[in-house]
$ cat start-v9.pdb   # PDB, C-alpha atoms
ATOM      1  CA  MET H   1       0.000   0.000   0.000  1.00  0.00           C
ATOM      2  CA  ASN H   2       1.486   3.328  -0.975  1.00  0.00           C
ATOM      3  CA  ALA H   3       1.300   6.669   0.814  1.00  0.00           C
ATOM      4  CA  ASN H   4      -1.273   8.074  -1.610  1.00  0.00           C
ATOM      5  CA  ARG H   5      -3.793   5.363  -0.729  1.00  0.00           C
ATOM      6  CA  ILE H   6      -3.251   5.831   2.983  1.00  0.00           C
ATOM      7  CA  ILE H   7      -3.817   9.576   2.696  1.00  0.00           C
ATOM      8  CA  ASP H   8      -6.969   8.996   0.628  1.00  0.00           C
ATOM      9  CA  MET H   9      -8.301   6.569   3.238  1.00  0.00           C
ATOM     10  CA  ILE H  10      -7.954   9.269   5.873  1.00  0.00           C
ATOM     11  CA  VAL H  11      -9.059  12.295   3.861  1.00  0.00           C
ATOM     12  CA  ARG H  12     -12.221  10.849   2.277  1.00  0.00           C
ATOM     13  CA  PRO H  13     -14.192  10.160   5.486  1.00  0.00           C
ATOM     14  CA  VAL H  14     -13.142  13.490   6.969  1.00  0.00           C
ATOM     15  CA  MET H  15     -14.219  15.404   3.865  1.00  0.00           C
ATOM     16  CA  ARG H  16     -17.480  13.434   3.701  1.00  0.00           C
ATOM     17  CA  ARG H  17     -18.326  14.441   7.277  1.00  0.00           C
ATOM     18  CA  ILE H  18     -17.437  18.085   6.649  1.00  0.00           C
ATOM     19  CA  VAL H  19     -19.552  18.259   3.488  1.00  0.00           C
ATOM     20  CA  ASN H  20     -22.497  16.517   5.160  1.00  0.00           C
ATOM     21  CA  LYS H  21     -22.381  18.909   8.105  1.00  0.00           C
ATOM     22  CA  GLY H  22     -22.294  21.853   5.707  1.00  0.00           C
ATOM     23  CA  VAL H  23     -25.279  20.559   3.758  1.00  0.00           C
ATOM     24  CA  ASP H  24     -27.216  19.919   6.958  1.00  0.00           C
ATOM     25  CA  LYS H  25     -26.439  23.437   8.215  1.00  0.00           C
ATOM     26  CA  GLY H  26     -27.609  24.868   4.893  1.00  0.00           C
ATOM     27  CA  PHE H  27     -30.898  22.997   5.071  1.00  0.00           C
ATOM     28  CA  ASP H  28     -31.403  24.124   8.673  1.00  0.00           C
ATOM     29  CA  MET H  29     -30.743  27.759   7.768  1.00  0.00           C
ATOM     30  CA  ALA H  30     -33.070  27.535   4.776  1.00  0.00           C
ATOM     31  CA  SER H  31     -35.809  26.029   6.927  1.00  0.00           C
ATOM     32  CA  ARG H  32     -35.498  28.910   9.396  1.00  0.00           C
ATOM     33  CA  MET H  33     -35.749  31.479   6.596  1.00  0.00           C
ATOM     34  CA  GLY H  34     -39.306  30.369   5.832  1.00  0.00           C
ATOM     35  CA  GLY H  35     -40.658  33.000   8.198  1.00  0.00           C
ATOM     36  CA  GLN H  36     -43.931  33.141  10.089  1.00  0.00           C
ATOM     37  CA  PRO H  37     -47.256  33.490   8.254  1.00  0.00           C
ATOM     38  CA  ASP H  38     -49.306  36.662   8.721  1.00  0.00           C
ATOM     39  CA  ASP H  39     -52.457  34.936   9.964  1.00  0.00           C
ATOM     40  CA  PRO H  40     -51.707  31.985  12.294  1.00  0.00           C
ATOM     41  CA  LYS H  41     -55.273  30.633  12.178  1.00  0.00           C
ATOM     42  CA  ARG H  42     -55.233  30.428   8.402  1.00  0.00           C
ATOM     43  CA  ALA H  43     -51.789  28.842   8.359  1.00  0.00           C
ATOM     44  CA  ARG H  44     -52.865  26.181  10.856  1.00  0.00           C
ATOM     45  CA  ASN H  45     -55.644  25.026   8.519  1.00  0.00           C
ATOM     46  CA  ASN H  46     -53.451  24.934   5.411  1.00  0.00           C
ATOM     47  CA  GLY H  47     -51.130  22.193   6.619  1.00  0.00           C
ATOM     48  CA  PRO H  48     -47.456  22.185   7.569  1.00  0.00           C
ATOM     49  CA  ARG H  49     -45.299  25.299   7.427  1.00  0.00           C
ATOM     50  CA  PRO H  50     -42.655  25.649   4.698  1.00  0.00           C
ATOM     51  CA  SER H  51     -39.901  24.978   7.228  1.00  0.00           C
ATOM     52  CA  GLN H  52     -41.433  21.594   8.022  1.00  0.00           C
ATOM     53  CA  ASN H  53     -41.564  20.776   4.305  1.00  0.00           C
ATOM     54  CA  LEU H  54     -37.841  21.557   4.003  1.00  0.00           C
ATOM     55  CA  LYS H  55     -37.036  19.341   6.969  1.00  0.00           C
ATOM     56  CA  GLN H  56     -39.001  16.526   5.366  1.00  0.00           C
ATOM     57  CA  ALA H  57     -37.152  17.081   2.078  1.00  0.00           C
ATOM     58  CA  GLN H  58     -33.853  16.954   3.959  1.00  0.00           C
ATOM     59  CA  ARG H  59     -34.840  13.655   5.557  1.00  0.00           C
ATOM     60  CA  ILE H  60     -35.793  12.204   2.178  1.00  0.00           C
ATOM     61  CA  THR H  61     -32.525  13.293   0.556  1.00  0.00           C
ATOM     62  CA  ARG H  62     -30.564  11.686   3.397  1.00  0.00           C
ATOM     63  CA  GLN H  63     -32.412   8.428   2.782  1.00  0.00           C
ATOM     64  CA  MET H  64     -31.754   8.672  -0.957  1.00  0.00           C
ATOM     65  CA  ARG H  65     -28.029   9.259  -0.368  1.00  0.00           C
ATOM     66  CA  ARG H  66     -27.763   5.904   1.353  1.00  0.00           C
ATOM     67  CA  PHE H  67     -28.806   4.097  -1.798  1.00  0.00           C
ATOM     68  CA  THR H  68     -26.966   6.139  -4.413  1.00  0.00           C
ATOM     69  CA  LYS H  69     -23.229   6.218  -4.942  1.00  0.00           C
ATOM     70  CA  PHE H  70     -21.702   9.424  -6.174  1.00  0.00           C
TER      71      PHE H  70
END
$ encode --input "start-v9.pdb" --output "structure tokens"
Amino acid sequence: MNANRIIDMIVRPVMRRIVNKGVDKGFDMASRMGGQPDDPKRARNNGPRPSQNLKQAQRITRQMRRFTKF
């Protein structure tokens, strides 16, 4: 095993964790930017808030990443 392979074995998992944390932070920030609706009663009847939809989309993309190889 050469030095290049050893370095790759160390760098890949670290970079994967850093990128995943960055993506998760981005989704969290985007979900917070949804804002509050003007009329809370009307928003309650219309279903989940946009921030909840983004969190659900984030969960789905995490599940999809498990099955796809990039």
$ closest_residue --input "start-v9.pdb" --among "H:Ser31, H:Asn20, H:Met9, H:Asn2" --to "Arg65 in chain H" --atoms "all atoms listed in the file"
H:Asn20
$ residues_around --input "start-v9.pdb" --residues "range 24-26 of chain H" --least-positions-apart "6" --cutoff "10 Å" --atoms "only C-alpha atoms" --output "ChimeraX atom specification"
/H:18,32,55,58-59,62
$ atom_distance --input "start-v9.pdb" --atom1 "CA of Lys21 in chain H" --atom2 "CA of Arg5 in chain H"
24.6 Å
$ atom_distance --input "start-v9.pdb" --atom1 "CA of Arg12 in chain H" --atom2 "CA of Leu54 in chain H"
27.8 Å
$ atom_distance --input "start-v9.pdb" --atom1 "CA of Asp28 in chain H" --atom2 "CA of Thr61 in chain H"
13.6 Å
$ closest_residue --input "start-v9.pdb" --among "H:Val14, H:Ala3, H:Met64, H:Ala57" --to "Ala30 in chain H" --atoms "all atoms listed in the file"
H:Ala57
